[in-house]
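A short worksheet on the structure shown next.
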Amino acid sequence: MTDSRGDIAIDSVLGAELELLHRDGLYRRLREVSSAQDGSVVLDGQPVMLFCSNNYLGLANHPEVVAAAREATLRYGASAASSRLVSGHMSIHSALESRIASWKRRESALLFSTGYHANVGVITALTGADDLIVSDELNHASIVDGARLSRAPTAIYRHNDVDDLLRILEQHSGKRRVLVVTEAVFSMDGDLAPLTDIALAAEKHGAWLMVDEAHSAGIFGPGGAGLVAELGLEAQVQVHMGTLGKALGSFGAYVAGSRALTTALINRARPFIFTTGLPPAAAAAAVAAIDLVEREPQRAAGLLARSASLGARLRRAGLRVPQTGSQILPVIVGGATDATDLARRLLDRGIYVAAIRPPTVPRGSSRLRISLMATHSSQQIAALHDALIDCANDGAADAADQS
Ligand code: PLP
């Protein structure tokens, strides 16, 4: 309802701004999924194949994970109903924190409500104006926002470029504290950080290293413990962050490391202190999911093999799909409207892959970010392959017609 002058003003001002987003191909809208996150879903009322969910291992709707969530709700209720430091610290939180610490082979772990909160919380708790944050240029928005909020000067190194990282570390000796931050598997590019070399660079300069394992936990490493564990770098990574809402099929996030680290976070991380504890169902689901990834490593192994094979076939067909080494395959398109056009063509054929555009990715590198799930059938993957090639060719033909 626009019945007051203020409402009318806000509607016309925002309406004009939204028009500009439309014009530039950057308008975003919600699409409604009315079934579980799986290879086939109902999207805006239509059955489609889904290739952009982070339910990488199919655990969000795994019967053991769902049963754990149900049982926890019956036992503890639907909500922690308070912040952890007041009365919202429940035994299911302790159980999950112990489980994560042993899974990650770290002394301690602390839960956060989301990965966004975890990154903002840990970066702001550890750094301030006298310190330096050194961050990969493609790090996630939550790392960028944490760095901004911390008021620490931030130096950005070129993506995965350890020489550039070293150059920055050499230039900035004499800071009270230096925190190097990288993702393990980059969310929008799917490539892996050269963690061994990054850890050596950080160690050489006495910097602390923080690794965000949002897209690698559950997929890489012994028992799915992540890329840091796969490379045996636990001792060199002081701050180990990961999320529960992607491969683990639940919701929330954690920071693992020393007891001193998690105790400092309990005392200083504002997104931990000033928010309600994780819902019991989410915590219990995550415990069940960690049990599953440890017990069934073949889920992640099969997923990575199929992703490598699909990527190779798409490259051979002429699509711009960088070799990633992960379950994430970006199809680089370029312009924002080109990416939305390709996504629309695919959707017309019953395949949903969201277009990823600025500011999520740099200008000129808009893309379709394919994420495979362990539960996709070979037929679904073949259908995606064929449709992508056809739609990309149709797009090229249309562009040629118009020129
Ligand atoms: N870190 C990375 C690398 C991510 O990709 C994401 C989510 O997309 C997050 C952090 C935030 O995690 P959450 O969705 O749990 O807030």
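Order determines the names: the first chain of the structure tokens is A, the second B, and so forth; residues in each chain are numbered 1 upward, and ligands are numbered 1 upward as they are shown.
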Can you pull out every residue from region 143-345 of chain A that DSSP, working from the backbone, puts in strand (DSSP E), and format the result as a tab-separated table (two decimals) with all heavy atoms, in the first residue's frame?
```
chain	number	residue	atom	x	y	z
A	154	THR	N	43.49	-3.36	4.92
A	154	THR	CA	43.41	-4.66	4.23
A	154	THR	C	44.17	-4.56	2.91
A	154	THR	O	43.94	-3.65	2.12
A	154	THR	CB	41.93	-5.01	3.97
A	154	THR	OG1	41.26	-5.07	5.24
A	154	THR	CG2	41.80	-6.36	3.29
A	155	ALA	N	45.07	-5.50	2.71
A	155	ALA	CA	45.80	-5.58	1.43
A	155	ALA	C	45.28	-6.78	0.67
A	155	ALA	O	45.11	-7.87	1.25
A	155	ALA	CB	47.30	-5.72	1.69
A	156	ILE	N	45.00	-6.57	-0.61
A	156	ILE	CA	44.41	-7.64	-1.43
A	156	ILE	C	45.49	-8.21	-2.33
A	156	ILE	O	46.16	-7.47	-3.05
A	156	ILE	CB	43.29	-7.06	-2.33
A	156	ILE	CG1	42.28	-6.26	-1.49
A	156	ILE	CG2	42.61	-8.16	-3.15
A	156	ILE	CD1	41.48	-7.06	-0.53
A	157	TYR	N	45.68	-9.53	-2.29
A	157	TYR	CA	46.64	-10.12	-3.25
A	157	TYR	C	45.90	-10.75	-4.41
A	157	TYR	O	44.73	-11.13	-4.29
A	157	TYR	CB	47.60	-11.10	-2.56
A	157	TYR	CG	46.99	-12.33	-1.92
A	157	TYR	CD1	46.90	-13.53	-2.64
A	157	TYR	CD2	46.56	-12.32	-0.61
A	157	TYR	CE1	46.39	-14.67	-2.06
A	157	TYR	CE2	46.03	-13.46	-0.01
A	157	TYR	CZ	45.94	-14.63	-0.75
A	157	TYR	OH	45.43	-15.76	-0.17
A	178	VAL	N	49.28	-9.82	11.76
A	178	VAL	CA	48.89	-9.93	10.35
A	178	VAL	C	48.04	-11.20	10.21
A	178	VAL	O	48.43	-12.27	10.68
A	178	VAL	CB	50.12	-10.00	9.42
A	178	VAL	CG1	49.68	-10.19	7.97
A	178	VAL	CG2	50.98	-8.75	9.56
A	179	LEU	N	46.87	-11.04	9.58
A	179	LEU	CA	45.99	-12.19	9.36
A	179	LEU	C	45.85	-12.40	7.85
A	179	LEU	O	45.34	-11.53	7.13
A	179	LEU	CB	44.60	-11.90	9.97
A	179	LEU	CG	43.56	-13.01	9.82
A	179	LEU	CD1	43.93	-14.24	10.66
A	179	LEU	CD2	42.16	-12.51	10.23
A	180	VAL	N	46.31	-13.56	7.38
A	180	VAL	CA	46.14	-13.92	5.97
A	180	VAL	C	44.85	-14.74	5.87
A	180	VAL	O	44.64	-15.68	6.67
A	180	VAL	CB	47.34	-14.75	5.47
A	180	VAL	CG1	47.10	-15.22	4.04
A	180	VAL	CG2	48.63	-13.94	5.57
A	181	VAL	N	43.98	-14.39	4.91
A	181	VAL	CA	42.70	-15.09	4.79
A	181	VAL	C	42.50	-15.59	3.36
A	181	VAL	O	42.65	-14.82	2.40
A	181	VAL	CB	41.49	-14.17	5.12
A	181	VAL	CG1	40.22	-15.01	5.27
A	181	VAL	CG2	41.74	-13.35	6.35
A	182	THR	N	42.13	-16.85	3.25
A	182	THR	CA	41.79	-17.40	1.93
A	182	THR	C	40.67	-18.42	2.08
A	182	THR	O	40.48	-19.01	3.13
A	182	THR	CB	43.01	-18.07	1.26
A	182	THR	OG1	42.63	-18.54	-0.04
A	182	THR	CG2	43.54	-19.25	2.06
A	183	GLU	N	39.96	-18.60	0.98
A	183	GLU	CA	39.05	-19.75	0.90
A	183	GLU	C	39.88	-20.96	0.50
A	183	GLU	O	40.95	-20.81	-0.12
A	183	GLU	CB	37.96	-19.49	-0.15
A	183	GLU	CG	37.06	-18.34	0.22
A	183	GLU	CD	35.99	-18.05	-0.83
A	183	GLU	OE1	35.53	-18.97	-1.52
A	183	GLU	OE2	35.61	-16.88	-0.94
A	208	TRP	N	49.19	-14.98	11.03
A	208	TRP	CA	48.20	-16.03	11.30
A	208	TRP	C	47.48	-16.33	9.99
A	208	TRP	O	47.24	-15.42	9.17
A	208	TRP	CB	47.17	-15.54	12.33
A	208	TRP	CG	47.74	-15.35	13.70
A	208	TRP	CD1	48.96	-15.76	14.16
A	208	TRP	CD2	47.11	-14.65	14.79
A	208	TRP	NE1	49.13	-15.37	15.47
A	208	TRP	CE2	48.01	-14.71	15.88
A	208	TRP	CE3	45.89	-14.01	14.95
A	208	TRP	CZ2	47.72	-14.13	17.13
A	208	TRP	CZ3	45.59	-13.44	16.18
A	208	TRP	CH2	46.50	-13.51	17.26
A	209	LEU	N	47.10	-17.59	9.85
A	209	LEU	CA	46.40	-17.99	8.62
A	209	LEU	C	44.99	-18.45	8.95
A	209	LEU	O	44.78	-19.30	9.82
A	209	LEU	CB	47.18	-19.12	7.92
A	209	LEU	CG	46.55	-19.70	6.65
A	209	LEU	CD1	46.27	-18.63	5.61
A	209	LEU	CD2	47.47	-20.78	6.06
A	210	MET	N	44.03	-17.88	8.22
A	210	MET	CA	42.62	-18.27	8.36
A	210	MET	C	42.15	-18.88	7.04
A	210	MET	O	42.33	-18.26	5.98
A	210	MET	CB	41.79	-17.03	8.70
A	210	MET	CG	40.31	-17.25	8.56
A	210	MET	SD	39.40	-15.83	9.19
A	210	MET	CE	37.76	-16.26	8.60
A	211	VAL	N	41.57	-20.07	7.11
A	211	VAL	CA	41.09	-20.72	5.89
A	211	VAL	C	39.59	-20.98	6.02
A	211	VAL	O	39.12	-21.54	7.01
A	211	VAL	CB	41.84	-22.05	5.63
A	211	VAL	CG1	41.28	-22.75	4.40
A	211	VAL	CG2	43.34	-21.80	5.44
A	212	ASP	N	38.86	-20.55	4.99
A	212	ASP	CA	37.41	-20.74	4.92
A	212	ASP	C	37.15	-22.00	4.09
A	212	ASP	O	37.43	-22.04	2.89
A	212	ASP	CB	36.81	-19.48	4.25
A	212	ASP	CG	35.31	-19.59	3.99
A	212	ASP	OD1	34.81	-20.72	3.85
A	212	ASP	OD2	34.66	-18.54	3.86
A	239	VAL	N	43.23	-20.45	12.19
A	239	VAL	CA	41.78	-20.21	12.23
A	239	VAL	C	41.14	-21.00	11.10
A	239	VAL	O	41.36	-20.73	9.92
A	239	VAL	CB	41.47	-18.70	12.05
A	239	VAL	CG1	39.97	-18.47	12.19
A	239	VAL	CG2	42.25	-17.87	13.03
A	240	HIS	N	40.33	-21.95	11.50
A	240	HIS	CA	39.79	-22.89	10.54
A	240	HIS	C	38.28	-22.73	10.54
A	240	HIS	O	37.60	-23.10	11.49
A	240	HIS	CB	40.17	-24.27	11.09
A	240	HIS	CG	40.14	-25.32	10.07
A	240	HIS	ND1	41.02	-26.37	10.06
A	240	HIS	CD2	39.33	-25.49	9.04
A	240	HIS	CE1	40.74	-27.14	9.03
A	240	HIS	NE2	39.72	-26.63	8.40
A	241	MET	N	37.76	-22.13	9.46
A	241	MET	CA	36.32	-21.83	9.43
A	241	MET	C	35.64	-22.78	8.43
A	241	MET	O	36.23	-23.15	7.41
A	241	MET	CB	36.15	-20.37	9.02
A	241	MET	CG	34.72	-19.91	8.85
A	241	MET	SD	34.20	-20.24	7.16
A	241	MET	CE	32.53	-19.64	7.18
A	242	GLY	N	34.42	-23.17	8.71
A	242	GLY	CA	33.67	-23.99	7.76
A	242	GLY	C	32.18	-23.80	7.98
A	242	GLY	O	31.75	-23.23	8.99
A	243	THR	N	31.39	-24.25	7.01
A	243	THR	CA	29.94	-24.05	7.12
A	243	THR	C	29.23	-25.41	7.20
A	243	THR	O	29.75	-26.43	6.78
A	243	THR	CB	29.39	-23.24	5.93
A	243	THR	OG1	29.73	-23.92	4.72
A	243	THR	CG2	29.97	-21.86	5.89
A	253	ALA	N	27.55	-22.62	11.03
A	253	ALA	CA	28.97	-22.62	10.69
A	253	ALA	C	29.79	-22.80	11.96
A	253	ALA	O	29.24	-22.78	13.07
A	253	ALA	CB	29.34	-21.30	10.01
A	254	TYR	N	31.09	-22.97	11.78
A	254	TYR	CA	31.97	-23.15	12.93
A	254	TYR	C	33.31	-22.50	12.67
A	254	TYR	O	33.71	-22.28	11.52
A	254	TYR	CB	32.18	-24.65	13.22
A	254	TYR	CG	32.75	-25.39	12.03
A	254	TYR	CD1	34.12	-25.46	11.80
A	254	TYR	CD2	31.90	-25.98	11.09
A	254	TYR	CE1	34.62	-26.10	10.68
A	254	TYR	CE2	32.40	-26.63	9.97
A	254	TYR	CZ	33.76	-26.68	9.78
A	254	TYR	OH	34.26	-27.30	8.67
A	255	VAL	N	34.00	-22.22	13.77
A	255	VAL	CA	35.42	-21.86	13.70
A	255	VAL	C	36.12	-22.86	14.61
A	255	VAL	O	35.71	-23.07	15.76
A	255	VAL	CB	35.67	-20.42	14.19
A	255	VAL	CG1	37.16	-20.13	14.26
A	255	VAL	CG2	34.98	-19.44	13.23
A	256	ALA	N	37.16	-23.52	14.08
A	256	ALA	CA	37.90	-24.50	14.87
A	256	ALA	C	39.34	-24.03	14.99
A	256	ALA	O	39.87	-23.36	14.10
A	256	ALA	CB	37.82	-25.87	14.19
A	257	GLY	N	39.95	-24.41	16.11
A	257	GLY	CA	41.34	-24.02	16.35
A	257	GLY	C	41.69	-24.33	17.78
A	257	GLY	O	41.21	-25.31	18.36
A	328	ILE	N	32.52	-27.72	-8.23
A	328	ILE	CA	31.96	-26.47	-8.78
A	328	ILE	C	32.57	-26.23	-10.16
A	328	ILE	O	33.78	-26.23	-10.31
A	328	ILE	CB	32.29	-25.29	-7.84
A	328	ILE	CG1	31.69	-25.53	-6.45
A	328	ILE	CG2	31.81	-23.97	-8.43
A	328	ILE	CD1	32.21	-24.61	-5.37
A	329	LEU	N	31.69	-26.02	-11.16
A	329	LEU	CA	32.16	-25.81	-12.53
A	329	LEU	C	31.56	-24.49	-13.05
A	329	LEU	O	30.37	-24.44	-13.37
A	329	LEU	CB	31.70	-26.94	-13.44
A	329	LEU	CG	32.28	-28.33	-13.18
A	329	LEU	CD1	31.57	-29.37	-14.06
A	329	LEU	CD2	33.78	-28.36	-13.46
A	330	PRO	N	32.35	-23.43	-13.11
A	330	PRO	CA	31.80	-22.19	-13.67
A	330	PRO	C	31.83	-22.24	-15.19
A	330	PRO	O	32.83	-22.67	-15.78
A	330	PRO	CB	32.77	-21.11	-13.14
A	330	PRO	CG	34.04	-21.82	-12.83
A	330	PRO	CD	33.73	-23.28	-12.63
A	331	VAL	N	30.74	-21.84	-15.82
A	331	VAL	CA	30.72	-21.68	-17.28
A	331	VAL	C	30.79	-20.17	-17.50
A	331	VAL	O	29.81	-19.45	-17.29
A	331	VAL	CB	29.42	-22.25	-17.90
A	331	VAL	CG1	29.44	-22.09	-19.41
A	331	VAL	CG2	29.23	-23.70	-17.50
A	332	ILE	N	31.96	-19.69	-17.88
A	332	ILE	CA	32.16	-18.24	-17.97
A	332	ILE	C	31.51	-17.73	-19.25
A	332	ILE	O	31.76	-18.24	-20.34
A	332	ILE	CB	33.66	-17.88	-17.97
A	332	ILE	CG1	34.41	-18.58	-16.82
A	332	ILE	CG2	33.85	-16.36	-17.92
A	332	ILE	CD1	34.08	-18.13	-15.44
A	333	VAL	N	30.66	-16.70	-19.09
A	333	VAL	CA	29.92	-16.18	-20.23
A	333	VAL	C	30.38	-14.76	-20.56
A	333	VAL	O	30.56	-14.41	-21.73
A	333	VAL	CB	28.40	-16.20	-19.93
A	333	VAL	CG1	27.63	-15.63	-21.09
A	333	VAL	CG2	27.94	-17.62	-19.64
A	334	GLY	N	30.60	-13.93	-19.56
A	334	GLY	CA	31.10	-12.57	-19.81
A	334	GLY	C	30.12	-11.53	-19.30
A	334	GLY	O	30.13	-11.18	-18.12
```
Arg167 (chain A) environment, 12 Å, only C-alpha atoms, sequence neighbours closer than 3 positions dropped, as an NGL selection string: :A and (134 or 155-158 or 161-164 or 170-173 or 201-202 or 205)
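Closest to Ala283 (chain A) among A:Lys246, A:Arg99, A:His159, A:Arg177 is A:Arg99, based on only C-alpha atoms.
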Expected selection as a PyMOL selection string for ligand 1 within 10 Å, only C-alpha atoms and all ligand atoms: chain A and resi 54+112-120+138-143+182-188+211-216+241-246+250-254
Residue with the minimum atom-to-atom distance to Ile351 (chain A), picked from A:Gly15, A:Gly77, A:Gly39, A:Gly218 with only C-alpha atoms counted, is A:Gly39
Hey, what's within 10 Å of Leu342 (chain A) if we count only C-alpha atoms and toss same-chain stuff fewer than 5 positions away? As a PyMOL selection string, please? chain A and resi 333+337+347-348+353-355+367-368+388+391-395
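Between CA of Arg306 (chain A) and CA of Leu233 (chain A) there is a distance of 26.9 Å.
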At a cut-off of 10 Å, using only C-alpha atoms, what residues contact Ser377 (chain A)? Leave out same-chain residues fewer than 4 positions from it and give the result as a count of residues only. 6
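Once region 83-89 of chain A and its same-chain neighbours fewer than 4 positions away are set aside, His93, Ser94, Phe272, Ile273, Phe274, Thr275, Thr276 and Gly277 of chain A remain within 8 Å of it when counting only C-alpha atoms.
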Write out as a ChimeraX atom specification which residues come within 8 Å of region 307-310 of chain A when counting only C-alpha atoms, dropping same-chain ones fewer than 3 positions away. /A:303-304,313-314,323-329,372,381,385
